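File shown: final-v3.csv. Contents: CSV, C-alpha atoms and all ligand atoms.
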```
chain,number,residue,atom,x,y,z
A,1,MET,CA,-22.5,62.1,-28.4
A,2,THR,CA,-24.9,65.0,-27.9
A,3,ASN,CA,-28.4,64.3,-26.7
A,4,SER,CA,-29.8,65.4,-30.0
A,5,ASN,CA,-28.4,62.4,-31.9
A,6,ARG,CA,-29.0,60.0,-29.1
A,7,LEU,CA,-31.1,56.9,-30.0
A,8,THR,CA,-34.6,57.6,-28.6
A,9,ALA,CA,-36.9,54.9,-27.1
A,10,GLU,CA,-39.1,55.2,-30.3
A,11,GLN,CA,-36.0,54.6,-32.5
A,12,ALA,CA,-34.7,51.8,-30.4
A,13,ALA,CA,-38.1,50.0,-30.7
A,14,GLN,CA,-37.6,50.1,-34.5
A,15,ILE,CA,-34.0,48.6,-34.7
A,16,SER,CA,-33.7,46.2,-37.6
A,17,ILE,CA,-30.2,45.2,-38.7
A,18,PRO,CA,-29.5,42.6,-41.4
A,19,ALA,CA,-26.4,40.4,-41.0
A,20,HIS,CA,-25.1,36.9,-41.7
A,21,ALA,CA,-24.4,33.9,-39.6
A,22,THR,CA,-21.0,32.2,-40.0
A,23,ASP,CA,-22.7,29.5,-42.1
A,24,GLY,CA,-23.7,32.3,-44.6
A,25,GLU,CA,-27.4,32.3,-43.7
A,26,ALA,CA,-29.2,35.7,-43.6
A,27,VAL,CA,-29.9,36.9,-40.1
A,28,LEU,CA,-32.0,39.8,-38.9
A,29,ILE,CA,-31.3,41.4,-35.5
A,30,ARG,CA,-34.4,43.4,-34.6
A,31,ALA,CA,-36.0,45.0,-31.6
A,32,THR,CA,-38.1,42.8,-29.4
A,33,ARG,CA,-41.9,43.1,-29.9
A,34,PRO,CA,-44.8,42.1,-27.7
A,35,GLN,CA,-45.9,39.5,-30.3
A,36,ASP,CA,-42.5,37.6,-29.7
A,37,ALA,CA,-43.7,36.4,-26.3
A,38,GLU,CA,-45.4,33.2,-27.4
A,39,THR,CA,-42.6,32.3,-29.8
A,40,ILE,CA,-40.1,32.7,-27.0
A,41,LEU,CA,-42.2,30.7,-24.6
A,42,ASP,CA,-42.4,27.8,-27.2
A,43,LEU,CA,-38.5,27.9,-27.5
A,44,TYR,CA,-37.9,26.9,-23.9
A,45,PRO,CA,-38.1,23.1,-24.5
A,46,GLU,CA,-35.2,23.7,-27.0
A,47,ILE,CA,-32.9,25.2,-24.3
A,48,SER,CA,-30.7,22.9,-22.3
A,49,THR,CA,-30.6,23.0,-18.5
A,50,ARG,CA,-27.0,24.1,-18.8
A,51,SER,CA,-27.8,27.1,-21.1
A,52,LEU,CA,-30.6,28.2,-18.8
A,53,TYR,CA,-28.3,28.0,-15.8
A,54,MET,CA,-25.6,30.0,-17.6
A,55,ARG,CA,-28.2,32.7,-18.4
A,56,PHE,CA,-30.1,32.9,-15.1
A,57,LEU,CA,-27.3,31.7,-12.8
A,58,ARG,CA,-29.9,29.4,-11.0
A,59,VAL,CA,-32.2,26.5,-11.9
A,60,ILE,CA,-35.4,27.8,-13.4
A,61,ASP,CA,-38.6,26.1,-14.5
A,62,LYS,CA,-40.3,26.8,-17.9
A,63,PRO,CA,-41.7,30.4,-17.4
A,64,THR,CA,-45.3,31.4,-17.8
A,65,LEU,CA,-46.4,33.6,-20.7
A,66,LYS,CA,-46.7,36.5,-18.2
A,67,GLN,CA,-43.1,36.0,-17.1
A,68,VAL,CA,-41.9,36.0,-20.7
A,69,GLN,CA,-43.9,39.2,-21.4
A,70,ARG,CA,-41.7,41.0,-18.9
A,71,TYR,CA,-39.0,40.6,-21.6
A,72,THR,CA,-41.1,41.4,-24.6
A,73,ASN,CA,-43.6,44.2,-23.5
A,74,VAL,CA,-40.9,46.6,-22.7
A,75,ASP,CA,-40.2,50.3,-22.2
A,76,PHE,CA,-37.4,51.1,-24.6
A,77,ASP,CA,-36.3,54.0,-22.4
A,78,ILE,CA,-34.9,51.6,-19.9
A,79,HIS,CA,-34.9,48.2,-21.7
A,80,LEU,CA,-33.0,47.7,-25.0
A,81,GLY,CA,-34.3,44.3,-26.1
A,82,LEU,CA,-33.2,42.6,-29.4
A,83,VAL,CA,-34.0,39.2,-30.9
A,84,VAL,CA,-32.1,37.2,-33.6
A,85,LEU,CA,-34.1,35.9,-36.6
A,86,TYR,CA,-32.3,33.2,-38.6
A,87,GLY,CA,-32.6,32.1,-42.2
A,88,PRO,CA,-35.3,32.7,-44.9
A,89,GLU,CA,-38.0,31.6,-42.4
A,90,GLN,CA,-36.7,34.2,-39.9
A,91,LYS,CA,-36.8,31.7,-37.0
A,92,LEU,CA,-36.4,33.4,-33.7
A,93,CYS,CA,-33.4,31.7,-32.1
A,94,GLY,CA,-32.0,34.0,-29.5
A,95,ALA,CA,-32.7,37.2,-27.5
A,96,GLY,CA,-30.7,39.6,-25.5
A,97,ARG,CA,-31.2,42.8,-23.6
A,98,ILE,CA,-29.4,45.7,-21.9
A,99,ILE,CA,-31.4,47.2,-19.1
A,100,ARG,CA,-30.8,50.4,-17.1
A,101,THR,CA,-32.4,51.6,-14.0
A,102,LYS,CA,-33.6,54.9,-15.4
A,103,PRO,CA,-33.5,56.6,-18.8
A,104,GLU,CA,-30.5,58.9,-18.0
A,105,GLU,CA,-28.4,56.1,-16.5
A,106,SER,CA,-25.2,55.4,-18.4
A,107,ILE,CA,-24.5,51.9,-17.0
A,108,GLY,CA,-26.5,49.0,-18.5
A,109,GLU,CA,-26.6,45.3,-17.7
A,110,LEU,CA,-26.5,42.8,-20.5
A,111,SER,CA,-27.9,39.3,-20.7
A,112,CYS,CA,-28.5,37.1,-23.7
A,113,MET,CA,-29.4,33.6,-24.8
A,114,MET,CA,-29.2,31.5,-27.9
A,115,ILE,CA,-31.1,28.2,-28.2
A,116,ASP,CA,-28.7,25.3,-28.1
A,117,LYS,CA,-28.9,24.0,-31.6
A,118,MET,CA,-28.3,27.5,-33.0
A,119,GLN,CA,-25.2,28.2,-30.9
A,120,ARG,CA,-21.7,28.3,-32.5
A,121,LYS,CA,-22.9,30.0,-35.7
A,122,GLY,CA,-21.7,33.5,-34.7
A,123,LEU,CA,-25.1,34.6,-33.7
A,124,GLY,CA,-24.3,35.2,-30.0
A,125,ARG,CA,-21.4,37.4,-31.1
A,126,LEU,CA,-23.6,39.3,-33.6
A,127,LEU,CA,-26.3,39.8,-30.9
A,128,VAL,CA,-23.9,41.0,-28.2
A,129,ALA,CA,-21.9,43.2,-30.5
A,130,THR,CA,-25.2,44.8,-31.8
A,131,LEU,CA,-26.6,45.3,-28.3
A,132,ILE,CA,-23.4,47.0,-27.1
A,133,ASP,CA,-23.2,49.1,-30.3
A,134,GLN,CA,-26.8,50.2,-30.1
A,135,ALA,CA,-26.6,50.8,-26.4
A,136,ARG,CA,-23.7,53.3,-27.0
A,137,ALA,CA,-26.0,55.3,-29.3
A,138,TRP,CA,-28.8,54.9,-26.6
A,139,GLY,CA,-26.5,56.5,-23.9
A,140,ILE,CA,-24.8,53.6,-22.3
A,141,THR,CA,-21.1,54.1,-21.7
A,142,GLU,CA,-20.5,51.1,-19.5
A,143,VAL,CA,-22.0,47.6,-20.1
A,144,VAL,CA,-21.8,45.1,-17.3
A,145,ALA,CA,-22.7,41.5,-17.1
A,146,LEU,CA,-22.6,38.8,-14.4
A,147,VAL,CA,-21.1,35.6,-15.9
A,148,HIS,CA,-20.9,32.1,-14.4
A,149,PRO,CA,-17.2,31.1,-14.0
A,150,GLN,CA,-17.8,28.0,-16.2
A,151,ASN,CA,-19.2,30.1,-19.0
A,152,GLY,CA,-16.0,30.1,-21.1
A,153,PRO,CA,-17.8,31.0,-24.4
A,154,MET,CA,-19.4,34.1,-22.9
A,155,LEU,CA,-16.2,35.3,-21.2
A,156,ARG,CA,-14.2,34.7,-24.4
A,157,LEU,CA,-16.8,36.5,-26.4
A,158,PHE,CA,-16.8,39.6,-24.2
A,159,LYS,CA,-12.9,39.7,-24.3
A,160,SER,CA,-12.8,39.6,-28.0
A,161,LEU,CA,-15.2,42.3,-29.0
A,162,GLY,CA,-12.6,45.0,-29.3
A,163,TYR,CA,-13.6,47.0,-26.2
A,164,PRO,CA,-11.6,47.6,-23.1
A,165,CYS,CA,-12.9,44.9,-20.8
A,166,GLN,CA,-12.4,44.3,-17.1
A,167,ILE,CA,-13.3,41.1,-15.4
A,168,VAL,CA,-13.5,40.9,-11.6
A,169,TRP,CA,-14.5,38.0,-9.3
A,170,GLU,CA,-17.6,38.8,-7.4
A,171,GLU,CA,-19.0,36.4,-4.9
A,172,GLY,CA,-18.8,33.3,-7.1
A,173,ASP,CA,-19.4,34.8,-10.5
A,174,TYR,CA,-17.4,37.1,-12.8
A,175,MET,CA,-18.5,40.7,-13.2
A,176,VAL,CA,-17.6,41.8,-16.7
A,177,SER,CA,-17.4,45.5,-17.4
A,178,ILE,CA,-17.0,46.9,-20.9
A,179,ASP,CA,-16.0,50.4,-21.6
A,180,ASN,CA,-18.5,51.5,-24.2
A,181,ARG,CA,-17.5,55.2,-24.6
A,182,LEU,CA,-15.9,54.5,-28.0
A,183,PRO,CA,-16.6,52.0,-30.8
A,184,PRO,CA,-14.6,48.8,-30.8
A,185,ASP,CA,-11.0,49.0,-31.7
A,186,PHE,CA,-9.3,45.6,-32.3
A,187,GLU,CA,-5.8,47.1,-32.5
A,188,LEU,CA,-6.1,48.8,-29.2
A,189,ASN,CA,-8.0,46.0,-27.6
A,190,PRO,CA,-6.9,42.8,-29.3
A,191,PRO,CA,-8.8,39.6,-28.5
A,192,TYR,CA,-7.3,37.6,-25.7
A,193,GLN,CA,-4.8,35.1,-27.1
A,194,LYS,CA,-4.3,31.8,-25.4
A,195,THR,CA,-0.5,31.1,-24.8
A,196,PRO,CA,0.3,27.9,-26.8
A,197,ALA,CA,1.2,25.0,-24.5
A,198,SER,CA,5.0,24.5,-24.6
A,199,ALA,CA,6.2,21.4,-26.3
A,201,LIG,C1,-22.9,32.4,-24.7
A,201,LIG,C2,-23.7,32.3,-26.0
A,201,LIG,C3,-24.7,33.5,-26.0
A,201,LIG,C4,-22.8,32.3,-27.2
A,201,LIG,O1,-23.7,32.2,-28.3
A,201,LIG,P1,-23.1,31.6,-29.7
A,201,LIG,O2,-24.1,31.9,-30.7
A,201,LIG,O3,-22.8,30.2,-29.5
A,201,LIG,O4,-21.8,32.4,-29.9
A,201,LIG,P2,-20.9,32.5,-31.2
A,201,LIG,O5,-21.2,31.4,-32.1
A,201,LIG,O6,-21.1,33.9,-31.7
A,201,LIG,O7,-19.5,32.3,-30.6
A,201,LIG,C5,-18.9,33.2,-29.7
A,201,LIG,C6,-17.6,32.6,-29.3
A,201,LIG,O8,-17.7,31.6,-28.3
A,201,LIG,C7,-17.2,30.4,-28.8
A,201,LIG,N1,-18.1,29.4,-28.3
A,201,LIG,C8,-19.4,29.4,-28.5
A,201,LIG,N2,-19.9,28.2,-27.9
A,201,LIG,C9,-18.8,27.5,-27.4
A,201,LIG,C10,-18.7,26.3,-26.8
A,201,LIG,N3,-19.8,25.6,-26.4
A,201,LIG,N4,-17.5,25.9,-26.4
A,201,LIG,C11,-16.4,26.6,-26.7
A,201,LIG,N5,-16.4,27.8,-27.4
A,201,LIG,C12,-17.7,28.3,-27.7
A,201,LIG,C13,-17.1,30.5,-30.2
A,201,LIG,O9,-16.0,29.7,-30.7
A,201,LIG,C14,-16.9,31.9,-30.5
A,201,LIG,O10,-15.5,32.3,-30.4
A,201,LIG,P3,-14.8,32.7,-31.8
A,201,LIG,O11,-15.7,33.7,-32.5
A,201,LIG,O12,-13.5,33.3,-31.3
A,201,LIG,O13,-14.7,31.5,-32.6
A,201,LIG,C15,-24.5,31.0,-26.0
A,201,LIG,O14,-23.6,29.9,-25.8
A,201,LIG,C16,-25.6,30.9,-24.9
A,201,LIG,O15,-26.8,31.4,-25.2
A,201,LIG,N6,-25.3,30.3,-23.8
A,201,LIG,C17,-26.3,30.1,-22.7
A,201,LIG,C18,-26.8,31.4,-22.1
A,201,LIG,C19,-25.6,32.3,-21.6
A,201,LIG,O16,-24.5,31.8,-21.3
A,201,LIG,N7,-25.9,33.6,-21.7
A,201,LIG,C20,-24.9,34.6,-21.2
A,201,LIG,C21,-25.3,35.1,-19.9
A,201,LIG,S1,-24.4,36.7,-19.6
```
Would you write out, as structure tokens, the structure that this file holds?
Amino acid sequence: MTNSNRLTAEQAAQISIPAHATDGEAVLIRATRPQDAETILDLYPEISTRSLYMRFLRVIDKPTLKQVQRYTNVDFDIHLGLVVLYGPEQKLCGAGRIIRTKPEESIGELSCMMIDKMQRKGLGRLLVATLIDQARAWGITEVVALVHPQNGPMLRLFKSLGYPCQIVWEEGDYMVSIDNRLPPDFELNPPYQKTPASA
């Protein structure tokens, strides 16, 4: 992709993509806005200790508004932040981001979170797939993520997105690396299939 058709920070801050959850409900994936901070803060009681641990890889207390604002008042040159809005009420139920150290950096680190009661509706997959896809237009050719070894859903999700995906053990966690130079190709990169247990 040439620099002229690269997604700019201004365009990234306007991302708004309609989709559907696996239960058929309408979903909107849009760029994070500063006004989302209080809504996100109010969601923390709806997130289990386990989910928080899988996201932050350590025990965390409920954050302050100022801490949440680090995720919502962002510079879209280095921080591609998206939220998931579910149903006709557009309830914010998840958020994710890819960050890079500087605007010209081609490696970005992904993290994401869905509130527990909205998990397993295909929203995590939509969010992660959209983040990676938009990040490619934004100049990211490699997406990395540190994943807890007990986070099977996240590891399976990464392995089934249709990208070349490498997973290496790194000091107690898995470092996932997705080759994001090309759009997903499920024939070249089929989802990992579990070998059926022999009878
Ligand atoms: C990981 C996470 C984002 C997945 O979100 P989600 O909305 O539940 O994901 P989806 O519904 O799109 O499901 C993705 C895949 O994981 C599987 N999955 C999701 N939750 C699962 C669970 N608890 N047990 C087993 N499989 C699960 C789904 O079956 C699905 O696979 P499929 O599409 O092949 O059927 C969500 O569980 C979460 O926020 N976890 C806590 C935070 C976290 O782990 N963040 C990632 C840090 S890098």
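The coordinates place CA of Lys159 in chain A at 5.9 Å from CA of Pro191 in chain A.
Restricting the atom set to only C-alpha atoms and all ligand atoms, one finds that the residues within 6 Å of ligand LIG 201 (chain A) amount to Ser51, Leu52, Met54, Arg55, Ser111, Cys112, Met113, Met114, Gln119, Arg120, Lys121, Gly122, Leu123, Gly124, Arg125, Ala145, Leu146, Val147, Pro153, Met154 and Leu157 of chain A.
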Preceding selection exported with C-alpha atoms as a PDB file, keeping the file's coordinate frame:
```pdb
ATOM      1  CA  SER A  51     -27.800  27.100 -21.100  1.00  0.00           C
ATOM      2  CA  LEU A  52     -30.600  28.200 -18.800  1.00  0.00           C
ATOM      3  CA  MET A  54     -25.600  30.000 -17.600  1.00  0.00           C
ATOM      4  CA  ARG A  55     -28.200  32.700 -18.400  1.00  0.00           C
ATOM      5  CA  SER A 111     -27.900  39.300 -20.700  1.00  0.00           C
ATOM      6  CA  CYS A 112     -28.500  37.100 -23.700  1.00  0.00           C
ATOM      7  CA  MET A 113     -29.400  33.600 -24.800  1.00  0.00           C
ATOM      8  CA  MET A 114     -29.200  31.500 -27.900  1.00  0.00           C
ATOM      9  CA  GLN A 119     -25.200  28.200 -30.900  1.00  0.00           C
ATOM     10  CA  ARG A 120     -21.700  28.300 -32.500  1.00  0.00           C
ATOM     11  CA  LYS A 121     -22.900  30.000 -35.700  1.00  0.00           C
ATOM     12  CA  GLY A 122     -21.700  33.500 -34.700  1.00  0.00           C
ATOM     13  CA  LEU A 123     -25.100  34.600 -33.700  1.00  0.00           C
ATOM     14  CA  GLY A 124     -24.300  35.200 -30.000  1.00  0.00           C
ATOM     15  CA  ARG A 125     -21.400  37.400 -31.100  1.00  0.00           C
ATOM     16  CA  ALA A 145     -22.700  41.500 -17.100  1.00  0.00           C
ATOM     17  CA  LEU A 146     -22.600  38.800 -14.400  1.00  0.00           C
ATOM     18  CA  VAL A 147     -21.100  35.600 -15.900  1.00  0.00           C
ATOM     19  CA  PRO A 153     -17.800  31.000 -24.400  1.00  0.00           C
ATOM     20  CA  MET A 154     -19.400  34.100 -22.900  1.00  0.00           C
ATOM     21  CA  LEU A 157     -16.800  36.500 -26.400  1.00  0.00           C
TER      22      LEU A 157
END
```
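For Met118 in chain A, the residues within 9 Å (counting all atoms listed in the file, excluding itself and residues fewer than 5 positions away along the chain) are A:Tyr86, A:Cys93, A:Gly94, A:Leu123.
CA of Ile140 in chain A is found 14.1 Å from CA of Pro184 in chain A.
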key: Contact residues around range 23-30 of chain A with only C-alpha atoms at 9 Å, ignoring same-chain residues under 3 positions, as a list in words   = Ala13, Gln14, Ile15, Ser16, Ile17, Pro18, Ala19, His20, Arg33, Gly81, Leu82, Val83, Val84, Leu85, Tyr86, Gly87, Pro88, Gln90, Lys121, Gly122, Leu123, Leu126, Leu127 and Thr130 of chain A
note = What separates CA of Tyr163 in chain A and CA of Leu131 in chain A is a distance of 13.3 Å
task = Considering all atoms listed in the file, return as a PyMOL selection string whatever protein or nucleic-acid residues lie within 7 Å of Ser106 in chain A, sequence-local ones (same chain, fewer than 6 positions apart) excluded.
result = chain A and resi 139-142
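Residue nearest Ile167 in chain A within the list A:Leu188, A:Val59, A:Ile99, A:Val143: A:Val143 [criterion: smallest interatomic distance, only C-alpha atoms].
Nearest residue to Ile47 in chain A, choosing from A:Ile178, A:Lys62, A:Cys165, A:Ile78 and counting all atoms listed in the file: A:Lys62.
If you measure from each of A:Asn5, A:Thr22, A:Ser177, A:Gln150 to Gly108 in chain A using only C-alpha atoms, the closest one turns out to be A:Ser177.
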request  = Choose the residue, out of A:Pro34, A:Pro103, A:Gly96, A:Gly172, that has the smallest atom-to-atom separation from Val74 in chain A; count all atoms listed in the file.
outcome  = A:Pro34
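If only C-alpha atoms are the atoms counted, then among A:Met175, A:Val144, A:Leu161, A:Ile98 the closest residue to Asn189 in chain A is A:Leu161.
Distances here use all atoms listed in the file; by that measure, the residue among A:Leu65, A:Ala21, A:Val128, A:Leu57 closest to Tyr174 in chain A is A:Leu57.
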query = If we count all atoms listed in the file, what is near Ala137 in chain A at a cut-off of 6 Å, once residues fewer than 2 positions away on the same chain are taken out, given as a ChimeraX atom specification?
reply = /A:6-7,134-135,139
